$ cat structure35.txt   # compact mmCIF, N, CA and C atoms
# COMPACT_ATOMS: atom_id res chain seq x y z
N MET Q 722 -31.03 3.15 -47.01
CA MET Q 722 -31.36 4.46 -47.53
C MET Q 722 -30.34 4.82 -48.61
N THR Q 723 -30.79 5.32 -49.75
CA THR Q 723 -29.90 5.65 -50.85
C THR Q 723 -29.48 7.12 -50.78
N ASP Q 724 -28.47 7.47 -51.60
CA ASP Q 724 -28.03 8.86 -51.64
C ASP Q 724 -29.16 9.80 -52.08
N SER Q 725 -30.09 9.30 -52.91
CA SER Q 725 -31.19 10.15 -53.36
C SER Q 725 -32.10 10.54 -52.19
N ALA Q 726 -32.04 9.79 -51.08
CA ALA Q 726 -32.85 10.09 -49.92
C ALA Q 726 -32.21 11.16 -49.03
N LEU Q 727 -31.02 11.62 -49.40
CA LEU Q 727 -30.35 12.66 -48.62
C LEU Q 727 -31.16 13.95 -48.69
N VAL Q 728 -31.49 14.50 -47.52
CA VAL Q 728 -32.28 15.73 -47.44
C VAL Q 728 -31.34 16.88 -47.09
N HIS Q 729 -31.31 17.90 -47.94
CA HIS Q 729 -30.47 19.08 -47.68
C HIS Q 729 -31.28 20.10 -46.89
N VAL Q 730 -30.65 20.63 -45.84
CA VAL Q 730 -31.32 21.54 -44.91
C VAL Q 730 -30.46 22.78 -44.71
N ALA Q 731 -31.06 23.95 -44.86
CA ALA Q 731 -30.40 25.22 -44.56
C ALA Q 731 -30.61 25.52 -43.08
N VAL Q 732 -29.52 25.82 -42.37
CA VAL Q 732 -29.58 26.04 -40.93
C VAL Q 732 -28.97 27.40 -40.60
N GLY Q 733 -29.71 28.22 -39.87
CA GLY Q 733 -29.24 29.55 -39.50
C GLY Q 733 -28.68 29.61 -38.10
N MET Q 734 -27.41 29.95 -38.01
CA MET Q 734 -26.81 30.23 -36.70
C MET Q 734 -26.91 31.75 -36.52
N ILE Q 735 -28.00 32.17 -35.92
CA ILE Q 735 -28.30 33.59 -35.76
C ILE Q 735 -27.53 34.09 -34.55
N ARG Q 736 -26.56 34.97 -34.80
CA ARG Q 736 -25.69 35.44 -33.72
C ARG Q 736 -26.07 36.87 -33.35
N HIS Q 737 -26.37 37.07 -32.07
CA HIS Q 737 -26.75 38.39 -31.56
C HIS Q 737 -25.56 39.34 -31.70
N PRO Q 738 -25.79 40.55 -32.21
CA PRO Q 738 -24.66 41.45 -32.50
C PRO Q 738 -23.94 42.01 -31.27
N THR Q 739 -24.59 42.05 -30.12
CA THR Q 739 -23.93 42.66 -28.96
C THR Q 739 -23.28 41.65 -28.01
N ASP Q 740 -23.97 40.55 -27.72
CA ASP Q 740 -23.40 39.63 -26.73
C ASP Q 740 -22.92 38.31 -27.33
N ARG Q 741 -23.03 38.14 -28.66
CA ARG Q 741 -22.51 36.98 -29.40
C ARG Q 741 -23.22 35.67 -29.05
N THR Q 742 -24.38 35.74 -28.42
CA THR Q 742 -25.17 34.54 -28.18
C THR Q 742 -25.79 34.08 -29.51
N VAL Q 743 -26.22 32.83 -29.56
CA VAL Q 743 -26.88 32.30 -30.75
C VAL Q 743 -28.29 31.85 -30.37
N LEU Q 744 -29.18 31.91 -31.36
CA LEU Q 744 -30.58 31.62 -31.12
C LEU Q 744 -30.89 30.16 -31.40
N LEU Q 745 -31.52 29.51 -30.43
CA LEU Q 745 -32.04 28.16 -30.62
C LEU Q 745 -33.56 28.21 -30.52
N ALA Q 746 -34.21 27.24 -31.16
CA ALA Q 746 -35.67 27.16 -31.12
C ALA Q 746 -36.07 25.72 -30.85
N SER Q 747 -37.19 25.55 -30.15
CA SER Q 747 -37.73 24.21 -29.96
C SER Q 747 -38.51 23.83 -31.22
N ARG Q 748 -38.53 22.55 -31.53
CA ARG Q 748 -39.30 22.09 -32.69
C ARG Q 748 -40.78 22.14 -32.34
N PRO Q 749 -41.61 22.62 -33.26
CA PRO Q 749 -43.04 22.77 -32.99
C PRO Q 749 -43.77 21.43 -32.83
N ARG Q 750 -44.90 21.48 -32.19
CA ARG Q 750 -45.76 20.30 -32.07
C ARG Q 750 -46.12 19.80 -33.46
N GLY Q 751 -46.25 18.48 -33.56
CA GLY Q 751 -46.63 17.87 -34.82
C GLY Q 751 -45.47 17.51 -35.72
N LYS Q 752 -44.26 17.93 -35.36
CA LYS Q 752 -43.08 17.59 -36.14
C LYS Q 752 -42.30 16.49 -35.43
N VAL Q 753 -41.50 15.76 -36.18
CA VAL Q 753 -40.61 14.77 -35.59
C VAL Q 753 -39.71 15.49 -34.58
N TYR Q 754 -39.47 14.88 -33.44
CA TYR Q 754 -38.68 15.47 -32.36
C TYR Q 754 -39.31 16.75 -31.81
N ALA Q 755 -40.62 16.83 -31.77
CA ALA Q 755 -41.30 18.01 -31.22
C ALA Q 755 -40.77 18.31 -29.81
N GLY Q 756 -40.49 19.58 -29.55
CA GLY Q 756 -39.99 20.02 -28.25
C GLY Q 756 -38.48 19.97 -28.10
N TRP Q 757 -37.79 19.30 -29.01
CA TRP Q 757 -36.33 19.25 -28.96
C TRP Q 757 -35.78 20.55 -29.53
N TRP Q 758 -34.59 20.94 -29.09
CA TRP Q 758 -34.00 22.23 -29.44
C TRP Q 758 -33.02 22.09 -30.60
N GLU Q 759 -33.03 23.14 -31.46
CA GLU Q 759 -32.19 23.16 -32.66
C GLU Q 759 -31.98 24.60 -33.11
N PHE Q 760 -31.12 24.77 -34.10
CA PHE Q 760 -31.02 26.04 -34.81
C PHE Q 760 -32.18 26.09 -35.81
N SER Q 761 -32.68 27.27 -36.11
CA SER Q 761 -33.79 27.40 -37.05
C SER Q 761 -33.33 27.16 -38.48
N GLY Q 762 -34.26 26.71 -39.30
CA GLY Q 762 -33.97 26.48 -40.71
C GLY Q 762 -34.92 25.44 -41.25
N GLY Q 763 -34.60 24.93 -42.44
CA GLY Q 763 -35.48 23.93 -43.03
C GLY Q 763 -34.98 23.40 -44.35
N LYS Q 764 -35.75 22.49 -44.90
CA LYS Q 764 -35.39 21.78 -46.13
C LYS Q 764 -35.31 22.73 -47.32
N LEU Q 765 -34.36 22.44 -48.20
CA LEU Q 765 -34.28 23.13 -49.47
C LEU Q 765 -35.37 22.60 -50.40
N GLU Q 766 -36.04 23.48 -51.09
CA GLU Q 766 -37.00 23.07 -52.10
C GLU Q 766 -36.26 22.77 -53.40
N PRO Q 767 -36.84 21.99 -54.31
CA PRO Q 767 -36.15 21.67 -55.56
C PRO Q 767 -35.68 22.93 -56.30
N GLY Q 768 -34.39 22.96 -56.67
CA GLY Q 768 -33.82 24.07 -57.40
C GLY Q 768 -33.48 25.28 -56.55
N GLU Q 769 -33.70 25.21 -55.25
CA GLU Q 769 -33.47 26.35 -54.35
C GLU Q 769 -32.04 26.32 -53.83
N ALA Q 770 -31.36 27.46 -53.83
CA ALA Q 770 -30.02 27.58 -53.27
C ALA Q 770 -30.12 27.64 -51.75
N VAL Q 771 -29.02 27.29 -51.08
CA VAL Q 771 -29.02 27.26 -49.61
C VAL Q 771 -29.37 28.63 -49.04
N ASP Q 772 -28.77 29.70 -49.55
CA ASP Q 772 -29.05 31.03 -49.00
C ASP Q 772 -30.50 31.44 -49.22
N GLN Q 773 -31.10 31.01 -50.33
CA GLN Q 773 -32.52 31.30 -50.57
C GLN Q 773 -33.41 30.54 -49.58
N ALA Q 774 -33.10 29.27 -49.37
CA ALA Q 774 -33.87 28.46 -48.42
C ALA Q 774 -33.74 29.03 -47.02
N LEU Q 775 -32.52 29.44 -46.66
CA LEU Q 775 -32.29 30.01 -45.34
C LEU Q 775 -33.16 31.25 -45.13
N ALA Q 776 -33.14 32.17 -46.10
CA ALA Q 776 -33.93 33.40 -45.98
C ALA Q 776 -35.42 33.07 -45.88
N ARG Q 777 -35.90 32.15 -46.70
CA ARG Q 777 -37.31 31.76 -46.69
C ARG Q 777 -37.71 31.16 -45.35
N GLU Q 778 -36.90 30.21 -44.87
CA GLU Q 778 -37.23 29.52 -43.62
C GLU Q 778 -37.19 30.45 -42.41
N LEU Q 779 -36.19 31.32 -42.33
CA LEU Q 779 -36.10 32.23 -41.18
C LEU Q 779 -37.25 33.24 -41.18
N HIS Q 780 -37.72 33.60 -42.37
CA HIS Q 780 -38.88 34.48 -42.43
C HIS Q 780 -40.14 33.74 -41.99
N GLU Q 781 -40.32 32.51 -42.48
CA GLU Q 781 -41.50 31.72 -42.13
C GLU Q 781 -41.53 31.37 -40.65
N GLU Q 782 -40.39 30.95 -40.09
CA GLU Q 782 -40.35 30.47 -38.70
C GLU Q 782 -40.25 31.59 -37.67
N LEU Q 783 -39.49 32.66 -38.01
CA LEU Q 783 -39.16 33.67 -37.01
C LEU Q 783 -39.56 35.09 -37.37
N GLY Q 784 -40.01 35.31 -38.60
CA GLY Q 784 -40.36 36.66 -39.03
C GLY Q 784 -39.15 37.54 -39.31
N LEU Q 785 -38.00 36.94 -39.55
CA LEU Q 785 -36.78 37.71 -39.81
C LEU Q 785 -36.54 37.83 -41.31
N SER Q 786 -35.97 38.95 -41.71
CA SER Q 786 -35.49 39.13 -43.08
C SER Q 786 -33.97 39.17 -43.02
N VAL Q 787 -33.33 38.20 -43.65
CA VAL Q 787 -31.87 38.10 -43.63
C VAL Q 787 -31.28 39.22 -44.49
N VAL Q 788 -30.36 39.98 -43.91
CA VAL Q 788 -29.64 41.02 -44.64
C VAL Q 788 -28.31 40.48 -45.11
N SER Q 789 -27.64 39.72 -44.25
CA SER Q 789 -26.32 39.17 -44.58
C SER Q 789 -26.14 37.82 -43.89
N ALA Q 790 -25.70 36.83 -44.67
CA ALA Q 790 -25.42 35.49 -44.13
C ALA Q 790 -24.21 34.93 -44.86
N GLN Q 791 -23.39 34.18 -44.11
CA GLN Q 791 -22.17 33.59 -44.66
C GLN Q 791 -22.15 32.10 -44.36
N PRO Q 792 -21.66 31.28 -45.30
CA PRO Q 792 -21.58 29.84 -45.03
C PRO Q 792 -20.64 29.55 -43.87
N GLY Q 793 -21.02 28.59 -43.05
CA GLY Q 793 -20.19 28.15 -41.94
C GLY Q 793 -19.58 26.80 -42.25
N TRP Q 794 -20.33 25.73 -42.02
CA TRP Q 794 -19.84 24.37 -42.26
C TRP Q 794 -21.04 23.48 -42.54
N GLN Q 795 -20.75 22.22 -42.85
CA GLN Q 795 -21.79 21.24 -43.11
C GLN Q 795 -21.61 20.04 -42.19
N ILE Q 796 -22.72 19.46 -41.80
CA ILE Q 796 -22.73 18.25 -40.98
C ILE Q 796 -23.73 17.29 -41.60
N SER Q 797 -23.34 16.04 -41.73
CA SER Q 797 -24.25 15.00 -42.19
C SER Q 797 -24.68 14.20 -40.97
N HIS Q 798 -25.97 13.89 -40.90
CA HIS Q 798 -26.48 13.11 -39.77
C HIS Q 798 -27.57 12.17 -40.25
N ARG Q 799 -27.52 10.95 -39.76
CA ARG Q 799 -28.54 9.96 -40.14
C ARG Q 799 -29.47 9.73 -38.95
N TYR Q 800 -30.72 10.16 -39.13
CA TYR Q 800 -31.78 9.88 -38.17
C TYR Q 800 -32.49 8.61 -38.63
N ALA Q 801 -33.34 8.04 -37.78
CA ALA Q 801 -34.11 6.86 -38.17
C ALA Q 801 -35.05 7.17 -39.34
N HIS Q 802 -35.55 8.41 -39.40
CA HIS Q 802 -36.52 8.79 -40.42
C HIS Q 802 -35.91 9.48 -41.64
N ALA Q 803 -34.65 9.93 -41.56
CA ALA Q 803 -34.06 10.68 -42.67
C ALA Q 803 -32.55 10.80 -42.51
N HIS Q 804 -31.88 10.92 -43.64
CA HIS Q 804 -30.45 11.23 -43.68
C HIS Q 804 -30.35 12.67 -44.14
N VAL Q 805 -29.80 13.55 -43.30
CA VAL Q 805 -29.78 14.98 -43.61
C VAL Q 805 -28.36 15.49 -43.81
N GLN Q 806 -28.24 16.44 -44.72
CA GLN Q 806 -27.02 17.21 -44.92
C GLN Q 806 -27.35 18.62 -44.48
N LEU Q 807 -26.79 19.02 -43.34
CA LEU Q 807 -27.11 20.32 -42.75
C LEU Q 807 -26.07 21.34 -43.20
N HIS Q 808 -26.55 22.41 -43.81
CA HIS Q 808 -25.70 23.50 -44.29
C HIS Q 808 -25.83 24.64 -43.29
N PHE Q 809 -24.87 24.76 -42.37
CA PHE Q 809 -24.90 25.79 -41.34
C PHE Q 809 -24.37 27.11 -41.90
N TRP Q 810 -25.15 28.16 -41.71
CA TRP Q 810 -24.76 29.51 -42.16
C TRP Q 810 -24.83 30.46 -40.97
N TRP Q 811 -23.87 31.39 -40.91
CA TRP Q 811 -23.87 32.45 -39.92
C TRP Q 811 -24.81 33.54 -40.39
N VAL Q 812 -25.71 33.95 -39.52
CA VAL Q 812 -26.61 35.07 -39.80
C VAL Q 812 -26.32 36.12 -38.72
N GLU Q 813 -25.66 37.19 -39.13
CA GLU Q 813 -25.28 38.22 -38.16
C GLU Q 813 -25.95 39.56 -38.42
N GLU Q 814 -26.68 39.64 -39.54
CA GLU Q 814 -27.39 40.87 -39.84
C GLU Q 814 -28.76 40.52 -40.40
N TRP Q 815 -29.80 41.07 -39.77
CA TRP Q 815 -31.17 40.81 -40.17
C TRP Q 815 -32.05 41.97 -39.74
N THR Q 816 -33.26 42.00 -40.26
CA THR Q 816 -34.25 42.96 -39.78
C THR Q 816 -35.39 42.19 -39.15
N GLY Q 817 -36.05 42.85 -38.21
CA GLY Q 817 -37.14 42.21 -37.47
C GLY Q 817 -36.64 41.66 -36.15
N ASN Q 818 -37.56 41.32 -35.29
CA ASN Q 818 -37.25 40.70 -34.00
C ASN Q 818 -37.70 39.24 -34.06
N PRO Q 819 -36.83 38.32 -33.66
CA PRO Q 819 -37.23 36.91 -33.70
C PRO Q 819 -38.51 36.67 -32.89
N SER Q 820 -39.48 36.09 -33.53
CA SER Q 820 -40.72 35.74 -32.83
C SER Q 820 -41.15 34.34 -33.28
N PRO Q 821 -41.67 33.55 -32.36
CA PRO Q 821 -42.04 32.16 -32.67
C PRO Q 821 -43.33 32.06 -33.48
N ARG Q 822 -43.20 32.00 -34.79
CA ARG Q 822 -44.36 31.99 -35.68
C ARG Q 822 -44.99 30.60 -35.83
N GLU Q 823 -44.34 29.57 -35.30
CA GLU Q 823 -44.87 28.21 -35.42
C GLU Q 823 -45.16 27.59 -34.05
N GLY Q 824 -45.27 28.43 -33.02
CA GLY Q 824 -45.56 27.93 -31.69
C GLY Q 824 -44.36 27.38 -30.95
N GLN Q 825 -43.19 27.58 -31.49
CA GLN Q 825 -41.97 27.09 -30.84
C GLN Q 825 -41.51 28.06 -29.75
N GLN Q 826 -40.60 27.60 -28.89
CA GLN Q 826 -39.98 28.46 -27.90
C GLN Q 826 -38.62 28.89 -28.46
N LEU Q 827 -38.13 30.05 -28.00
CA LEU Q 827 -36.84 30.57 -28.44
C LEU Q 827 -35.94 30.77 -27.24
N CYS Q 828 -34.64 30.65 -27.46
CA CYS Q 828 -33.67 30.77 -26.38
C CYS Q 828 -32.34 31.25 -26.95
N TRP Q 829 -31.79 32.35 -26.40
CA TRP Q 829 -30.45 32.80 -26.76
C TRP Q 829 -29.46 32.10 -25.84
N VAL Q 830 -28.43 31.48 -26.41
CA VAL Q 830 -27.43 30.76 -25.60
C VAL Q 830 -26.02 31.23 -25.94
N ARG Q 831 -25.16 31.18 -24.94
CA ARG Q 831 -23.73 31.46 -25.15
C ARG Q 831 -23.09 30.20 -25.73
N PRO Q 832 -22.05 30.34 -26.55
CA PRO Q 832 -21.39 29.15 -27.10
C PRO Q 832 -20.93 28.17 -26.03
N GLU Q 833 -20.53 28.67 -24.87
CA GLU Q 833 -20.06 27.78 -23.80
C GLU Q 833 -21.21 27.19 -22.99
N GLY Q 834 -22.44 27.58 -23.30
CA GLY Q 834 -23.60 27.07 -22.58
C GLY Q 834 -24.01 28.02 -21.48
N PRO Q 835 -25.01 27.66 -20.70
CA PRO Q 835 -25.76 26.42 -20.72
C PRO Q 835 -26.70 26.33 -21.92
N TYR Q 836 -27.15 25.12 -22.24
CA TYR Q 836 -28.04 24.87 -23.35
C TYR Q 836 -29.36 24.31 -22.83
N PRO Q 837 -30.44 24.54 -23.59
CA PRO Q 837 -31.71 23.91 -23.21
C PRO Q 837 -31.65 22.41 -23.48
N HIS Q 838 -32.60 21.69 -22.92
CA HIS Q 838 -32.60 20.23 -23.06
C HIS Q 838 -34.01 19.78 -23.42
N PRO Q 839 -34.18 18.81 -24.29
CA PRO Q 839 -33.16 18.04 -25.00
C PRO Q 839 -32.74 18.73 -26.30
N LEU Q 840 -31.50 18.50 -26.69
CA LEU Q 840 -30.97 19.03 -27.94
C LEU Q 840 -31.16 18.00 -29.05
N LEU Q 841 -31.56 18.48 -30.22
CA LEU Q 841 -31.65 17.61 -31.38
C LEU Q 841 -30.26 17.04 -31.66
N PRO Q 842 -30.13 15.74 -31.90
CA PRO Q 842 -28.80 15.13 -32.04
C PRO Q 842 -27.86 15.83 -33.02
N ALA Q 843 -28.34 16.30 -34.16
CA ALA Q 843 -27.46 16.96 -35.12
C ALA Q 843 -27.07 18.37 -34.68
N THR Q 844 -27.73 18.90 -33.67
CA THR Q 844 -27.39 20.23 -33.14
C THR Q 844 -26.18 20.15 -32.22
N ILE Q 845 -26.00 19.03 -31.57
CA ILE Q 845 -24.92 18.87 -30.59
C ILE Q 845 -23.54 19.11 -31.19
N PRO Q 846 -23.16 18.49 -32.34
CA PRO Q 846 -21.82 18.76 -32.87
C PRO Q 846 -21.62 20.22 -33.28
N ALA Q 847 -22.68 20.89 -33.71
CA ALA Q 847 -22.56 22.30 -34.07
C ALA Q 847 -22.28 23.14 -32.83
N LEU Q 848 -22.99 22.87 -31.74
CA LEU Q 848 -22.74 23.60 -30.49
C LEU Q 848 -21.35 23.28 -29.93
N GLU Q 849 -20.93 22.02 -30.07
CA GLU Q 849 -19.57 21.67 -29.62
C GLU Q 849 -18.53 22.44 -30.41
N ARG Q 850 -18.76 22.59 -31.70
CA ARG Q 850 -17.82 23.35 -32.53
C ARG Q 850 -17.81 24.82 -32.12
N LEU Q 851 -18.98 25.39 -31.88
CA LEU Q 851 -19.05 26.78 -31.42
C LEU Q 851 -18.29 26.95 -30.11
N ARG Q 852 -18.50 26.01 -29.19
CA ARG Q 852 -17.82 26.06 -27.89
C ARG Q 852 -16.31 25.98 -28.07
N ALA Q 853 -15.85 25.06 -28.92
CA ALA Q 853 -14.41 24.90 -29.16
C ALA Q 853 -13.82 26.16 -29.78
N GLU Q 854 -14.54 26.75 -30.73
CA GLU Q 854 -14.05 27.97 -31.38
C GLU Q 854 -14.02 29.14 -30.42
N ALA Q 855 -14.90 29.12 -29.41
CA ALA Q 855 -14.92 30.17 -28.40
C ALA Q 855 -13.86 29.92 -27.33
N GLY Q 856 -13.21 28.74 -27.38
CA GLY Q 856 -12.16 28.41 -26.41
C GLY Q 856 -12.69 28.15 -25.02
N GLN Q 857 -13.90 27.61 -24.93
CA GLN Q 857 -14.52 27.39 -23.63
C GLN Q 857 -14.48 25.92 -23.25
N GLY Q 858 -14.82 25.67 -21.99
CA GLY Q 858 -14.89 24.30 -21.47
C GLY Q 858 -16.25 23.68 -21.69
N ARG Q 859 -16.50 22.60 -21.00
CA ARG Q 859 -17.73 21.84 -21.14
C ARG Q 859 -18.94 22.66 -20.67
N ALA Q 860 -20.03 22.56 -21.42
CA ALA Q 860 -21.25 23.31 -21.12
C ALA Q 860 -22.19 22.50 -20.24
N HIS Q 861 -23.04 23.20 -19.51
CA HIS Q 861 -24.09 22.56 -18.73
C HIS Q 861 -25.29 22.34 -19.63
N GLN Q 862 -26.18 21.46 -19.27
CA GLN Q 862 -27.32 21.13 -20.11
C GLN Q 862 -28.61 21.76 -19.63
N THR Q 863 -28.56 22.95 -19.08
CA THR Q 863 -29.77 23.67 -18.72
C THR Q 863 -29.65 25.12 -19.21
N ALA Q 864 -30.77 25.76 -19.42
CA ALA Q 864 -30.76 27.14 -19.87
C ALA Q 864 -32.07 27.80 -19.49
N VAL Q 865 -32.05 29.12 -19.49
CA VAL Q 865 -33.27 29.88 -19.25
C VAL Q 865 -33.95 30.09 -20.58
N ILE Q 866 -35.19 29.69 -20.68
CA ILE Q 866 -35.95 29.78 -21.93
C ILE Q 866 -36.80 31.03 -21.91
N LEU Q 867 -36.82 31.74 -23.03
CA LEU Q 867 -37.59 32.98 -23.14
C LEU Q 867 -39.06 32.71 -23.34

$ encode --input "structure35.txt" --output "structure tokens"
Amino acid sequence: MTDSALVHVAVGMIRHPTDRTVLLASRPRGKVYAGWWEFSGGKLEPGEAVDQALARELHEELGLSVVSAQPGWQISHRYAHAHVQLHFWWVEEWTGNPSPREGQQLCWVRPEGPYPHPLLPATIPALERLRAEAGQGRAHQTAVIL
């Protein structure tokens, strides 16, 4: 796979304002890794900035309008089908209530866990970083799904 095959993805770490949980979503049917859990977001379109892609994707997937988002970090991950560069952004202010517009399930999780299962492989290092930043121990791999 060449560098031109690198797919840039905007990823929203939507943090609840009162309890500091973050929102995960299952991948919809018909997509690669359907049913696996991840942060919401999607591919950047040609010429689109990360913050623009993030706002577009969160509106399409969850019905949210981003009011304020800040860059977090980036993770590169190579799947069998694609090499992705994930641009993680903190989303702490939005309008609307998250709703599954693509048939996915939603779950609010604490940084220390528990987490739903299975987790998309590139989601795991992001959750580990959240857990480390929260100063917590190892998380369990189960969660209550909404």

$ select_by_dssp --input "structure35.txt" --residues "chain Q" --states "helix (DSSP H, G or I)" --output "MDAnalysis selection string"
chainID Q and resid 724:726 771:783 844:854

$ axis_aligned_box --input "structure35.txt" --around "segment 825-839 of chain Q" --padding-each-side "3 Å" --output "lines of an AutoDock Vina configuration file"
center_x = -31.6
center_y = 25.4
center_z = -26.1
size_x = 29.1
size_y = 20.8
size_z = 16.8

$ atom_distance --input "structure35.txt" --atom1 "atom CA of Thr816 of chain Q" --atom2 "atom CA of His780 of chain Q"
10.0 Å

$ closest_residue --input "structure35.txt" --among "Q:Ala776, Q:Ala847, Q:Ala853, Q:Val788" --to "Glu813 of chain Q" --atoms "only C-alpha atoms"
Q:Val788

$ closest_residue --input "structure35.txt" --among "Q:Arg852, Q:Pro821, Q:Phe809, Q:Ile845" --to "Glu833 of chain Q" --atoms "all atoms listed in the file"
Q:Arg852

$ closest_residue --input "structure35.txt" --among "Q:Trp758, Q:Gly733, Q:Val743, Q:Leu727" --to "Thr844 of chain Q" --atoms "only N, CA and C atoms"
Q:Trp758

$ closest_residue --input "structure35.txt" --among "Q:Ile735, Q:Val787, Q:Val730, Q:Leu848" --to "Ala803 of chain Q" --atoms "only C-alpha atoms"
Q:Val730

$ residues_near_point --input "structure35.txt" --point "(-29.4, 25.5, -49.2)" --cutoff "7 Å" --atoms "only N, CA and C atoms" --output "PyMOL selection string"
chain Q and resi 729-732+764-765+769-775+808

$ write_last_selection --input "structure35.txt" --atoms "N, CA and C atoms" --output "CSV table (one decimal), in the frame of the given file"
chain,number,residue,atom,x,y,z
Q,729,HIS,N,-31.3,17.9,-47.9
Q,729,HIS,CA,-30.5,19.1,-47.7
Q,729,HIS,C,-31.3,20.1,-46.9
Q,730,VAL,N,-30.6,20.6,-45.8
Q,730,VAL,CA,-31.3,21.5,-44.9
Q,730,VAL,C,-30.5,22.8,-44.7
Q,731,ALA,N,-31.1,24.0,-44.9
Q,731,ALA,CA,-30.4,25.2,-44.6
Q,731,ALA,C,-30.6,25.5,-43.1
Q,732,VAL,N,-29.5,25.8,-42.4
Q,732,VAL,CA,-29.6,26.0,-40.9
Q,732,VAL,C,-29.0,27.4,-40.6
Q,764,LYS,N,-35.8,22.5,-44.9
Q,764,LYS,CA,-35.4,21.8,-46.1
Q,764,LYS,C,-35.3,22.7,-47.3
Q,765,LEU,N,-34.4,22.4,-48.2
Q,765,LEU,CA,-34.3,23.1,-49.5
Q,765,LEU,C,-35.4,22.6,-50.4
Q,769,GLU,N,-33.7,25.2,-55.2
Q,769,GLU,CA,-33.5,26.4,-54.4
Q,769,GLU,C,-32.0,26.3,-53.8
Q,770,ALA,N,-31.4,27.5,-53.8
Q,770,ALA,CA,-30.0,27.6,-53.3
Q,770,ALA,C,-30.1,27.6,-51.8
Q,771,VAL,N,-29.0,27.3,-51.1
Q,771,VAL,CA,-29.0,27.3,-49.6
Q,771,VAL,C,-29.4,28.6,-49.0
Q,772,ASP,N,-28.8,29.7,-49.6
Q,772,ASP,CA,-29.0,31.0,-49.0
Q,772,ASP,C,-30.5,31.4,-49.2
Q,773,GLN,N,-31.1,31.0,-50.3
Q,773,GLN,CA,-32.5,31.3,-50.6
Q,773,GLN,C,-33.4,30.5,-49.6
Q,774,ALA,N,-33.1,29.3,-49.4
Q,774,ALA,CA,-33.9,28.5,-48.4
Q,774,ALA,C,-33.7,29.0,-47.0
Q,775,LEU,N,-32.5,29.4,-46.7
Q,775,LEU,CA,-32.3,30.0,-45.3
Q,775,LEU,C,-33.2,31.2,-45.1
Q,808,HIS,N,-26.6,22.4,-43.8
Q,808,HIS,CA,-25.7,23.5,-44.3
Q,808,HIS,C,-25.8,24.6,-43.3

$ closest_residue --input "structure35.txt" --among "Q:Tyr754, Q:Ala726, Q:Glu766, Q:Glu823" --to "Val805 of chain Q" --atoms "all atoms listed in the file"
Q:Ala726

$ atom_distance --input "structure35.txt" --atom1 "atom CA of Leu840 of chain Q" --atom2 "atom N of Glu759 of chain Q"
5.8 Å

$ residues_around --input "structure35.txt" --residues "Thr742 of chain Q" --least-positions-apart "5" --cutoff "8 Å" --atoms "only N, CA and C atoms" --output "VMD selection string"
chain Q and resid 734 to 737 828 to 832

$ closest_residue --input "structure35.txt" --among "Q:Leu779, Q:Gly817, Q:Gly834, Q:Val753" --to "Leu851 of chain Q" --atoms "only N, CA and C atoms"
Q:Gly834

$ atom_distance --input "structure35.txt" --atom1 "atom C of Gly824 of chain Q" --atom2 "atom CA of Gly751 of chain Q"
10.5 Å

$ select_by_dssp --input "structure35.txt" --residues "segment 743-801 of chain Q" --states "strand (DSSP E)" --output "PyMOL selection string"
chain Q and resi 743-747+758-759+761-764+786-799
